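Peer 1: Sharing work_27.cif (mmCIF, C-alpha atoms) below.
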```cif
data_structure
#
loop_
_atom_site.group_PDB
_atom_site.id
_atom_site.type_symbol
_atom_site.label_atom_id
_atom_site.label_comp_id
_atom_site.auth_asym_id
_atom_site.auth_seq_id
_atom_site.Cartn_x
_atom_site.Cartn_y
_atom_site.Cartn_z
ATOM 1 C CA MET A 772 82.861 93.120 155.833
ATOM 2 C CA ARG A 773 84.122 89.711 156.767
ATOM 3 C CA HIS A 774 87.085 88.392 154.842
ATOM 4 C CA LEU A 775 85.970 85.785 152.324
ATOM 5 C CA GLY A 776 89.360 84.152 151.867
ATOM 6 C CA PRO A 777 91.260 84.493 148.579
ATOM 7 C CA THR A 778 91.238 80.970 147.188
ATOM 8 C CA LEU A 779 90.175 80.703 143.564
ATOM 9 C CA ALA A 780 89.342 77.039 143.906
ATOM 10 C CA ALA A 781 86.189 77.953 145.774
ATOM 11 C CA LEU A 782 85.093 80.266 142.992
ATOM 12 C CA LEU A 783 85.482 77.574 140.393
ATOM 13 C CA LEU A 784 83.416 75.114 142.375
ATOM 14 C CA ALA A 785 80.694 77.730 142.307
ATOM 15 C CA VAL A 786 80.956 78.405 138.584
ATOM 16 C CA SER A 787 80.092 74.950 137.388
ATOM 17 C CA PRO A 788 79.678 74.535 133.616
ATOM 18 C CA LEU A 789 76.743 75.134 131.338
ATOM 19 C CA ALA A 790 76.112 72.970 128.289
ATOM 20 C CA ALA A 791 78.832 71.596 126.040
ATOM 21 C CA GLN A 792 78.220 74.476 123.637
ATOM 22 C CA THR A 793 77.798 78.252 123.765
ATOM 23 C CA ASN A 794 74.379 79.283 125.044
ATOM 24 C CA PRO A 795 72.897 82.725 125.707
ATOM 25 C CA ALA A 796 72.620 83.775 129.324
ATOM 26 C CA PRO A 797 69.084 83.346 130.656
ATOM 27 C CA ALA A 798 66.930 86.427 130.351
ATOM 28 C CA PRO A 799 65.917 88.332 133.496
ATOM 29 C CA PRO A 800 62.714 86.943 135.016
ATOM 30 C CA LYS A 801 59.414 88.435 133.903
ATOM 31 C CA ASN A 802 55.935 87.955 135.285
ATOM 32 C CA ASP A 803 55.401 84.433 133.935
ATOM 33 C CA LYS A 804 56.964 82.775 136.963
ATOM 34 C CA VAL A 805 56.090 79.278 138.126
ATOM 35 C CA PRO A 806 56.992 79.211 141.841
ATOM 36 C CA LEU A 807 58.748 76.192 143.317
ATOM 37 C CA SER A 808 57.275 74.789 146.494
ATOM 38 C CA ASP A 809 59.394 74.719 149.632
ATOM 39 C CA ALA A 810 59.695 70.947 149.308
ATOM 40 C CA ASP A 811 60.844 71.173 145.677
ATOM 41 C CA LEU A 812 63.390 73.870 146.552
ATOM 42 C CA ASN A 813 64.776 71.804 149.421
ATOM 43 C CA ASP A 814 65.091 68.731 147.167
ATOM 44 C CA MET A 815 66.877 70.797 144.522
ATOM 45 C CA LEU A 816 69.371 72.218 147.020
ATOM 46 C CA LYS A 817 70.208 68.760 148.319
ATOM 47 C CA ALA A 818 70.641 67.459 144.779
ATOM 48 C CA TRP A 819 72.898 70.423 144.061
ATOM 49 C CA GLU A 820 75.150 69.471 146.971
ATOM 50 C CA ARG A 821 75.563 65.988 145.531
ATOM 51 C CA LYS A 822 76.130 67.297 142.008
ATOM 52 C CA LEU A 823 79.069 69.523 142.886
ATOM 53 C CA THR A 824 81.027 66.704 144.491
ATOM 54 C CA GLY A 825 81.417 64.993 141.115
ATOM 55 C CA ILE A 826 83.376 67.807 139.449
ATOM 56 C CA ASP A 827 87.159 67.365 139.625
ATOM 57 C CA ARG A 828 88.336 69.651 136.798
ATOM 58 C CA LEU A 829 87.051 72.186 134.353
ATOM 59 C CA GLU A 830 87.986 74.977 132.006
ATOM 60 C CA THR A 831 85.272 77.467 131.142
ATOM 61 C CA LYS A 832 84.864 80.855 129.521
ATOM 62 C CA CYS A 833 83.574 83.471 131.924
ATOM 63 C CA SER A 834 82.604 87.110 132.017
ATOM 64 C CA ARG A 835 81.963 89.676 134.717
ATOM 65 C CA VAL A 836 79.900 92.837 134.333
ATOM 66 C CA GLU A 837 80.142 95.584 136.952
ATOM 67 C CA ILE A 838 77.604 98.410 137.067
ATOM 68 C CA GLU A 839 77.915 101.429 139.346
ATOM 69 C CA ALA A 840 74.501 102.521 140.553
ATOM 70 C CA LEU A 841 75.217 106.232 141.015
ATOM 71 C CA ARG A 842 76.666 107.035 137.613
ATOM 72 C CA GLY A 843 75.578 104.017 135.630
ATOM 73 C CA LYS A 844 79.206 103.261 134.763
ATOM 74 C CA LYS A 845 79.534 99.787 133.249
ATOM 75 C CA GLN A 846 82.613 97.637 132.834
ATOM 76 C CA GLU A 847 82.821 94.181 131.307
ATOM 77 C CA PHE A 848 85.623 91.659 131.713
ATOM 78 C CA ALA A 849 85.965 88.427 129.776
ATOM 79 C CA GLY A 850 88.331 85.480 129.932
ATOM 80 C CA LYS A 851 88.476 81.992 131.366
ATOM 81 C CA ALA A 852 88.627 80.083 134.610
ATOM 82 C CA VAL A 853 90.393 76.764 135.217
ATOM 83 C CA PHE A 854 90.042 74.441 138.191
ATOM 84 C CA LEU A 855 91.692 71.212 139.309
ATOM 85 C CA LYS A 856 90.742 69.494 142.537
ATOM 86 C CA PRO A 857 91.480 69.695 145.339
ATOM 87 C CA ASN A 858 92.428 73.391 145.416
ATOM 88 C CA MET A 859 94.255 74.572 142.288
ATOM 89 C CA ALA A 860 92.807 77.243 140.039
ATOM 90 C CA LYS A 861 93.400 80.095 137.602
ATOM 91 C CA LEU A 862 91.341 83.111 136.659
ATOM 92 C CA ILE A 863 92.318 85.211 133.628
ATOM 93 C CA LEU A 864 90.235 88.254 132.673
ATOM 94 C CA SER A 865 90.639 91.349 130.496
ATOM 95 C CA ASN A 866 88.580 94.507 130.218
ATOM 96 C CA VAL A 867 86.598 94.161 126.986
ATOM 97 C CA GLU A 868 87.213 97.813 126.034
ATOM 98 C CA ARG A 869 90.832 98.019 127.262
ATOM 99 C CA PRO A 870 92.209 94.462 127.144
ATOM 100 C CA GLN A 871 95.886 95.456 127.301
ATOM 101 C CA GLU A 872 95.508 98.147 129.948
ATOM 102 C CA ASP A 873 93.187 96.448 132.426
ATOM 103 C CA ARG A 874 93.898 92.763 133.007
ATOM 104 C CA GLU A 875 93.470 90.376 135.909
ATOM 105 C CA TYR A 876 95.374 87.165 136.447
ATOM 106 C CA TYR A 877 95.214 85.019 139.562
ATOM 107 C CA ILE A 878 96.673 81.581 140.149
ATOM 108 C CA SER A 879 96.258 79.386 143.209
ATOM 109 C CA ASN A 880 98.376 76.331 143.948
ATOM 110 C CA GLY A 881 96.441 75.502 147.114
ATOM 111 C CA ASN A 882 98.923 77.143 149.481
ATOM 112 C CA HIS A 883 99.273 80.612 147.973
ATOM 113 C CA LEU A 884 97.345 82.951 145.715
ATOM 114 C CA TYR A 885 99.493 84.804 143.174
ATOM 115 C CA GLU A 886 98.018 88.108 142.045
ATOM 116 C CA PHE A 887 99.582 89.577 138.903
ATOM 117 C CA GLN A 888 99.427 93.384 138.907
ATOM 118 C CA PHE A 889 100.173 94.333 135.313
ATOM 119 C CA ARG A 890 100.226 98.083 135.839
ATOM 120 C CA ASN A 891 102.765 97.855 138.648
ATOM 121 C CA LYS A 892 104.600 94.848 137.160
ATOM 122 C CA VAL A 893 104.355 93.036 140.482
ATOM 123 C CA VAL A 894 103.298 89.539 141.498
ATOM 124 C CA ARG A 895 101.854 89.723 145.008
ATOM 125 C CA VAL A 896 101.861 86.506 147.026
ATOM 126 C CA HIS A 897 98.951 85.952 149.420
ATOM 127 C CA ASP A 898 98.827 83.129 151.944
ATOM 128 C CA LEU A 899 95.709 80.987 151.661
ATOM 129 C CA PRO A 900 93.747 79.774 154.689
ATOM 130 C CA LYS A 901 94.834 76.361 155.892
ATOM 131 C CA GLY A 902 93.202 73.766 153.676
ATOM 132 C CA GLY A 903 92.509 76.309 150.927
ATOM 133 C CA GLY A 904 88.895 76.580 152.006
ATOM 134 C CA VAL A 905 86.466 79.426 152.256
ATOM 135 C CA SER A 906 85.021 80.639 155.517
ATOM 136 C CA ASP A 907 81.547 79.250 156.088
ATOM 137 C CA ASP A 908 80.390 82.609 157.473
ATOM 138 C CA THR A 909 79.912 84.080 154.005
ATOM 139 C CA PHE A 910 77.160 83.861 151.420
ATOM 140 C CA LEU A 911 79.518 82.273 148.891
ATOM 141 C CA ALA A 912 79.869 79.261 151.171
ATOM 142 C CA PHE A 913 76.293 78.544 150.135
ATOM 143 C CA LEU A 914 77.588 77.886 146.620
ATOM 144 C CA PHE A 915 80.086 75.185 147.474
ATOM 145 C CA GLY A 916 79.381 73.402 150.699
ATOM 146 C CA MET A 917 76.661 74.914 152.858
ATOM 147 C CA LYS A 918 74.023 72.346 153.717
ATOM 148 C CA ALA A 919 70.560 72.897 152.317
ATOM 149 C CA GLU A 920 68.980 73.122 155.753
ATOM 150 C CA ASP A 921 71.556 75.700 156.867
ATOM 151 C CA ALA A 922 70.961 77.832 153.768
ATOM 152 C CA LEU A 923 67.214 77.782 154.367
ATOM 153 C CA LYS A 924 67.729 78.923 157.961
ATOM 154 C CA ARG A 925 70.133 81.699 157.043
ATOM 155 C CA TYR A 926 68.607 83.174 153.878
ATOM 156 C CA VAL A 927 65.182 83.926 152.486
ATOM 157 C CA LEU A 928 65.062 81.863 149.277
ATOM 158 C CA GLN A 929 62.435 82.290 146.602
ATOM 159 C CA ALA A 930 62.663 79.979 143.590
ATOM 160 C CA TRP A 931 60.765 79.771 140.329
ATOM 161 C CA SER A 932 60.948 78.449 136.804
ATOM 162 C CA LYS A 933 59.598 79.872 133.560
ATOM 163 C CA PRO A 934 57.626 78.123 130.837
ATOM 164 C CA ASN A 935 59.757 76.775 127.990
ATOM 165 C CA GLN A 936 63.053 77.647 129.710
ATOM 166 C CA PRO A 937 65.568 75.104 131.105
ATOM 167 C CA PHE A 938 66.447 77.279 134.111
ATOM 168 C CA ILE A 939 65.627 77.642 137.789
ATOM 169 C CA TYR A 940 65.870 81.125 139.310
ATOM 170 C CA ILE A 941 66.586 81.650 143.012
ATOM 171 C CA ARG A 942 66.330 85.029 144.710
ATOM 172 C CA VAL A 943 68.476 85.180 147.847
ATOM 173 C CA SER A 944 67.943 87.720 150.642
ATOM 174 C CA PRO A 945 70.064 87.830 153.812
ATOM 175 C CA LYS A 946 68.465 87.493 157.231
ATOM 176 C CA LEU A 947 71.456 88.261 159.473
ATOM 177 C CA PRO A 948 72.881 91.796 159.918
ATOM 178 C CA ALA A 949 76.405 90.530 159.213
ATOM 179 C CA ASP A 950 75.251 88.952 155.930
ATOM 180 C CA LYS A 951 73.624 92.239 154.922
ATOM 181 C CA GLN A 952 77.099 93.790 154.941
ATOM 182 C CA GLU A 953 78.122 91.242 152.296
ATOM 183 C CA PHE A 954 75.202 91.788 149.936
ATOM 184 C CA THR A 955 71.670 93.143 149.961
ATOM 185 C CA GLU A 956 70.251 90.871 147.284
ATOM 186 C CA ALA A 957 71.470 88.110 144.993
ATOM 187 C CA GLN A 958 70.125 85.895 142.235
ATOM 188 C CA LEU A 959 71.337 82.460 141.184
ATOM 189 C CA VAL A 960 70.300 80.884 137.898
ATOM 190 C CA PHE A 961 70.658 77.121 137.442
ATOM 191 C CA TRP A 962 70.020 74.641 134.702
ATOM 192 C CA SER A 963 66.854 72.881 135.785
ATOM 193 C CA GLN A 964 66.596 69.228 136.669
ATOM 194 C CA LYS A 965 64.650 68.786 133.411
ATOM 195 C CA ALA A 966 67.230 70.544 131.225
ATOM 196 C CA GLY A 967 67.700 67.342 129.258
ATOM 197 C CA ASP A 968 64.054 67.454 128.213
ATOM 198 C CA PHE A 969 64.737 70.719 126.401
ATOM 199 C CA ASN A 970 67.911 69.435 124.774
ATOM 200 C CA PRO A 971 69.579 66.060 125.457
ATOM 201 C CA ALA A 972 72.987 67.777 125.323
ATOM 202 C CA TRP A 973 72.037 69.720 128.453
ATOM 203 C CA ALA A 974 71.144 66.719 130.629
ATOM 204 C CA ASP A 975 74.553 66.501 132.331
ATOM 205 C CA TRP A 976 74.399 70.165 133.346
ATOM 206 C CA ALA A 977 71.151 69.952 135.297
ATOM 207 C CA LEU A 978 71.370 71.739 138.662
ATOM 208 C CA LEU A 979 74.610 73.563 137.803
ATOM 209 C CA PRO A 980 74.867 77.375 137.912
ATOM 210 C CA ALA A 981 74.544 79.453 134.764
ATOM 211 C CA ARG A 982 74.702 82.925 136.271
ATOM 212 C CA LEU A 983 75.460 84.632 139.588
ATOM 213 C CA TRP A 984 74.331 88.211 140.309
ATOM 214 C CA PHE A 985 75.063 90.349 143.394
ATOM 215 C CA LYS A 986 73.920 93.749 144.603
ATOM 216 C CA ASN A 987 76.256 95.202 147.223
ATOM 217 C CA PRO A 988 75.308 97.678 149.989
ATOM 218 C CA ASN A 989 76.140 100.589 147.646
ATOM 219 C CA ASP A 990 73.604 99.273 145.110
ATOM 220 C CA ASN A 991 76.417 98.506 142.674
ATOM 221 C CA THR A 992 75.966 95.148 140.946
ATOM 222 C CA VAL A 993 78.267 92.374 139.722
ATOM 223 C CA THR A 994 77.134 89.651 137.311
ATOM 224 C CA TRP A 995 79.119 86.510 136.465
ATOM 225 C CA THR A 996 78.188 84.271 133.520
ATOM 226 C CA PHE A 997 79.866 81.079 132.280
ATOM 227 C CA SER A 998 79.955 79.206 128.963
ATOM 228 C CA GLU A 999 81.771 76.603 126.852
ATOM 229 C CA PRO A 1000 83.011 74.354 129.638
ATOM 230 C CA ASN A 1001 85.439 71.498 129.220
ATOM 231 C CA LEU A 1002 85.307 68.821 131.904
ATOM 232 C CA ARG A 1003 87.905 66.693 130.142
ATOM 233 C CA VAL A 1004 90.585 69.336 129.827
ATOM 234 C CA LYS A 1005 94.072 67.949 130.405
ATOM 235 C CA LEU A 1006 95.395 69.500 133.593
ATOM 236 C CA GLU A 1007 98.250 68.666 135.948
ATOM 237 C CA LYS A 1008 99.581 70.157 139.144
ATOM 238 C CA ALA A 1009 102.485 71.503 137.109
ATOM 239 C CA ASP A 1010 100.033 73.874 135.407
ATOM 240 C CA PHE A 1011 99.599 75.724 138.706
ATOM 241 C CA VAL A 1012 103.202 76.269 139.790
ATOM 242 C CA GLU A 1013 104.277 79.470 141.500
ATOM 243 C CA PRO A 1014 105.787 82.134 139.230
ATOM 244 C CA SER A 1015 109.571 82.564 139.135
ATOM 245 C CA LEU A 1016 111.553 85.704 138.345
ATOM 246 C CA LYS A 1017 113.366 83.860 135.598
ATOM 247 C CA ASP A 1018 110.031 83.305 133.857
ATOM 248 C CA LEU A 1019 108.897 86.939 134.182
ATOM 249 C CA PRO A 1020 109.973 90.016 132.199
ATOM 250 C CA LYS A 1021 113.039 91.604 133.806
ATOM 251 C CA GLU A 1022 111.134 94.668 135.049
ATOM 252 C CA TRP A 1023 108.745 92.527 137.116
ATOM 253 C CA ARG A 1024 109.215 91.674 140.797
ATOM 254 C CA ILE A 1025 107.628 89.285 143.294
ATOM 255 C CA GLU A 1026 106.658 90.487 146.758
ATOM 256 C CA LYS A 1027 104.853 89.147 149.786
ATOM 257 C CA ALA A 1028 101.460 90.691 150.400
ATOM 258 C CA ASP A 1029 100.822 92.423 153.702
ATOM 259 C CA ALA A 1030 98.824 90.540 156.288
ATOM 260 C CA GLY A 1031 95.098 91.098 156.004
ATOM 261 C CA PRO A 1032 92.431 90.584 153.341
ATOM 262 C CA ALA A 1033 93.883 89.724 149.950
ATOM 263 C CA ALA A 1034 92.463 90.568 146.571
ATOM 264 C CA ASP A 1035 89.389 88.430 146.071
ATOM 265 C CA PRO A 1036 88.330 87.848 142.454
ATOM 266 C CA ARG A 1037 85.215 86.017 143.624
ATOM 267 C CA ARG A 1038 83.571 89.227 144.858
ATOM 268 C CA PRO A 1039 84.957 92.014 142.692
ATOM 269 C CA GLN A 1040 83.732 95.551 143.099
ATOM 270 C CA SER A 1041 83.709 98.228 140.445
ATOM 271 C CA THR A 1042 86.729 100.495 140.126
ATOM 272 C CA TYR A 1043 84.238 103.304 140.657
ATOM 273 C CA THR A 1044 82.567 101.903 143.756
ATOM 274 C CA ILE A 1045 81.449 104.697 146.073
ATOM 275 C CA PRO A 1046 83.143 104.114 149.447
ATOM 276 C CA ASN A 1047 81.010 102.805 152.271
ATOM 277 C CA PRO A 1048 82.736 103.246 155.666
ATOM 278 C CA ASP A 1049 81.104 100.067 156.956
ATOM 279 C CA VAL A 1050 82.125 97.917 153.990
ATOM 280 C CA PRO A 1051 85.853 97.990 153.118
ATOM 281 C CA PRO A 1052 86.786 96.847 149.614
ATOM 282 C CA THR A 1053 87.518 93.157 149.023
ATOM 283 C CA LYS A 1054 89.273 93.454 145.674
ATOM 284 C CA VAL A 1055 92.440 95.157 144.481
ATOM 285 C CA ARG A 1056 92.554 96.426 140.922
ATOM 286 C CA GLN A 1057 95.954 96.526 139.183
#
```
Can you present the structure in this file as structure tokens?

Peer 2:
Amino acid sequence: MRHLGPTLAALLLAVSPLAAQTNPAPAPPKNDKVPLSDADLNDMLKAWERKLTGIDRLETKCSRVEIEALRGKKQEFAGKAVFLKPNMAKLILSNVERPQEDREYYISNGNHLYEFQFRNKVVRVHDLPKGGGVSDDTFLAFLFGMKAEDALKRYVLQAWSKPNQPFIYIRVSPKLPADKQEFTEAQLVFWSQKAGDFNPAWADWALLPARLWFKNPNDNTVTWTFSEPNLRVKLEKADFVEPSLKDLPKEWRIEKADAGPAADPRRPQSTYTIPNPDVPPTKVRQ
């Protein structure tokens, strides 16, 4: 599996906000689909590119559900994500059933990613790629910078809407063998361009993602959902400073991570993921 790069800023560009209120996640698609034409899909993707460029900060609640296919084991994490352009971000999550035992905290200041391992009482420091970007050879690049025409060449995209719902559903299937090592199937759910017709409060969130679902080569799935965004949150660079020993409990330590793929909260795998020799893990659990 190709290294996706550990920057959290890229994740938060992908997890753009929903409406300015809590809304239920869209229901899985049923048979009452209204397919989008190729021309409509292409127009939507281009509009999406333009939409993302206007976001410079946000704070949003988020959740992640991991389901292991073999045993049906399910884990849910909930917390928040914070982003400040150009490349500063935080992700704070806790296991819903074991919030004190199983926590995740990542902070990026644009140059380094700091991974807090609560069980080991260690802050691991990962170097970020120059520029804090994400490699464009991964599916996630589609979420925050891949051109519409490139996405259409690289993936099989099927899009549809549903009557009386303000969402657009896109099924994504990889064409290239290398992409098939990243995921076997994915679904993106967006607020539709006509979201404001359903509720005027939703107009500003048209074309922004509401949910992201992945199935990995082991058939395990990961689902991200996002709610209660705040695009006017007061943020400064000082909110993303590197941790210092003087600010940590005395039993904690800070250490440099080994060279190689760092923990990547953008593509988490279940703790119980069945090993696949062709797909090394991309996430480190504390």

Peer 1: Translate the PyMOL selection byres ((chain A and resi 983) around 7), as applied to the file shown, into an explicit residue set as a VMD selection string.

Peer 2: chain A and resid 958 to 960 982 984 to 985 994 to 996

Peer 1: So what do you get for atom CA of Arg1024 of chain A versus atom CA of Val894 of chain A, distance-wise?

Peer 2: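 So the answer is 6.3 Å.
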
Peer 1: Atom CA of Leu1016 of chain A and atom CA of Thr831 of chain A, how far apart in Å?

Peer 2: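 If I compute the distance from atom CA of Thr831 of chain A to atom CA of Leu1016 of chain A, I get 28.5 Å.
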
Peer 1: Please, what is the axis-aligned box for every listed atom of segment 896-901 of chain A with 5 Å on each side, as centre and edge lengths in Å to one decimal, as JSON?

Peer 2:
```
{"center_x": 97.8, "center_y": 81.4, "center_z": 151.5, "size_x": 18.1, "size_y": 20.1, "size_z": 18.9}
```

Peer 1: Apply the PyMOL selection byres ((chain A and resi 846) around 10) to the displayed file and report the matching residues as an NGL selection string.

Peer 2: :A and (835-839 or 843-845 or 847-848 or 866-869 or 993 or 1041-1043)

Peer 1: Give me the residues near segment 812-824 of chain A as number ranges by chain, where near means some atom within 7 Å (using all atoms listed in the file) and where sequence neighbours in that chain fewer than 4 positions away do not count.

Peer 2: A: 807-808, 916, 919, 930, 978

Peer 1: Measure the distance from atom CA of Arg828 of chain A to atom CA of Ser932 of chain A in Å and round it to one decimal.

Peer 2: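 So the two atoms, atom CA of Arg828 of chain A and atom CA of Ser932 of chain A, lie 28.8 Å apart.
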
Peer 1: I'd like the contact shell of Glu886 of chain A - 9 Å cut-off, only C-alpha atoms, skipping same-chain residues fewer than 3 positions apart - returned as a list in words.

Peer 2: Glu875, Tyr876, Tyr877, Ile878, Ser879, Val893, Val894, Arg895, Val896, His897 and Ala1034 of chain A

Peer 1: Write out as a list in words the residues lying within 10 Å of Asn882 of chain A, counting only C-alpha atoms and excluding same-chain residues fewer than 2 positions away.

Peer 2: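 Answer for this query is Thr778, Asn858, Met859, Ser879, Asn880, Leu884, Tyr885, His897, Asp898, Leu899, Pro900, Lys901, Gly902, Gly903 and Glu1013 of chain A.
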
Peer 1: Name the residues in contact with Ala840 of chain A at a cut-off of 8 Å, using only C-alpha atoms, excluding same-chain residues fewer than 5 positions from it; report them as a PyMOL selection string.

Peer 2: chain A and resi 989-992

Peer 1: Starting from the displayed file, determine the output of the PyMOL selection byres ((chain A and resi 891) around 12) and express the residue list as a compact mmCIF listing (two decimals) with C-alpha atoms, keeping the file's coordinate frame.

Peer 2:
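The result, written out as part-v5.txt:
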```txt
# COMPACT_ATOMS: atom_id res chain seq x y z
CA GLU A 872 95.51 98.15 129.95
CA ASP A 873 93.19 96.45 132.43
CA ARG A 874 93.90 92.76 133.01
CA GLU A 886 98.02 88.11 142.04
CA PHE A 887 99.58 89.58 138.90
CA GLN A 888 99.43 93.38 138.91
CA PHE A 889 100.17 94.33 135.31
CA ARG A 890 100.23 98.08 135.84
CA LYS A 892 104.60 94.85 137.16
CA VAL A 893 104.36 93.04 140.48
CA VAL A 894 103.30 89.54 141.50
CA ARG A 895 101.85 89.72 145.01
CA GLU A 1022 111.13 94.67 135.05
CA TRP A 1023 108.74 92.53 137.12
CA ARG A 1024 109.22 91.67 140.80
CA ILE A 1025 107.63 89.28 143.29
CA GLU A 1026 106.66 90.49 146.76
CA ARG A 1056 92.55 96.43 140.92
CA GLN A 1057 95.95 96.53 139.18
```

Peer 1: Using all atoms listed in the file, which residue out of A:Lys861, A:Arg842, A:Lys986, A:Lys918 lies closest to Glu953 of chain A?

Peer 2: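 For Glu953 of chain A, the nearest of the candidates is A:Lys986.
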
Peer 1: Pick out the closest residue to Lys951 of chain A from this set: A:Asp809, A:Arg925, A:Asn970, A:Lys1008. Count only C-alpha atoms.

Peer 2: A:Arg925

Peer 1: Pull the neighbourhood of (68.5, 72.9, 139.9) for me: all residues within 7 Å in file coordinates, counting only C-alpha atoms, as a ChimeraX atom specification.

Peer 2: /A:815,819,939,961-964,977-979

Peer 1: Take segment 1014-1027 of chain A, model N, CA and C atoms, and hand the result over as an mmCIF file, keeping the file's coordinate frame.

Peer 2:
```
data_model
loop_
_atom_site.group_PDB
_atom_site.id
_atom_site.type_symbol
_atom_site.label_atom_id
_atom_site.label_comp_id
_atom_site.auth_asym_id
_atom_site.auth_seq_id
_atom_site.Cartn_x
_atom_site.Cartn_y
_atom_site.Cartn_z
ATOM 1 N N PRO A 1014 104.960 81.426 140.208
ATOM 2 C CA PRO A 1014 105.787 82.134 139.230
ATOM 3 C C PRO A 1014 107.216 82.315 139.736
ATOM 4 N N SER A 1015 108.163 82.357 138.812
ATOM 5 C CA SER A 1015 109.571 82.564 139.135
ATOM 6 C C SER A 1015 110.074 83.787 138.391
ATOM 7 N N LEU A 1016 111.008 84.498 138.984
ATOM 8 C CA LEU A 1016 111.553 85.704 138.345
ATOM 9 C C LEU A 1016 112.172 85.385 136.984
ATOM 10 N N LYS A 1017 112.727 84.212 136.873
ATOM 11 C CA LYS A 1017 113.366 83.860 135.598
ATOM 12 C C LYS A 1017 112.348 83.673 134.480
ATOM 13 N N ASP A 1018 111.083 83.476 134.853
ATOM 14 C CA ASP A 1018 110.031 83.305 133.857
ATOM 15 C C ASP A 1018 109.260 84.592 133.590
ATOM 16 N N LEU A 1019 109.595 85.665 134.324
ATOM 17 C CA LEU A 1019 108.897 86.939 134.182
ATOM 18 C C LEU A 1019 109.774 87.936 133.434
ATOM 19 N N PRO A 1020 109.166 88.945 132.796
ATOM 20 C CA PRO A 1020 109.973 90.016 132.199
ATOM 21 C C PRO A 1020 110.878 90.648 133.255
ATOM 22 N N LYS A 1021 112.028 91.156 132.848
ATOM 23 C CA LYS A 1021 113.039 91.604 133.806
ATOM 24 C C LYS A 1021 112.569 92.745 134.693
ATOM 25 N N GLU A 1022 111.580 93.537 134.237
ATOM 26 C CA GLU A 1022 111.134 94.668 135.049
ATOM 27 C C GLU A 1022 110.126 94.260 136.128
ATOM 28 N N TRP A 1023 109.705 92.992 136.118
ATOM 29 C CA TRP A 1023 108.745 92.527 137.116
ATOM 30 C C TRP A 1023 109.458 92.137 138.414
ATOM 31 N N ARG A 1024 108.694 92.126 139.513
ATOM 32 C CA ARG A 1024 109.215 91.674 140.797
ATOM 33 C C ARG A 1024 108.126 90.876 141.514
ATOM 34 N N ILE A 1025 108.542 90.081 142.469
ATOM 35 C CA ILE A 1025 107.628 89.285 143.294
ATOM 36 C C ILE A 1025 107.741 89.772 144.732
ATOM 37 N N GLU A 1026 106.618 90.012 145.377
ATOM 38 C CA GLU A 1026 106.658 90.487 146.758
ATOM 39 C C GLU A 1026 105.548 89.844 147.575
ATOM 40 N N LYS A 1027 105.812 89.720 148.853
ATOM 41 C CA LYS A 1027 104.853 89.147 149.786
ATOM 42 C C LYS A 1027 103.790 90.179 150.111
#
```
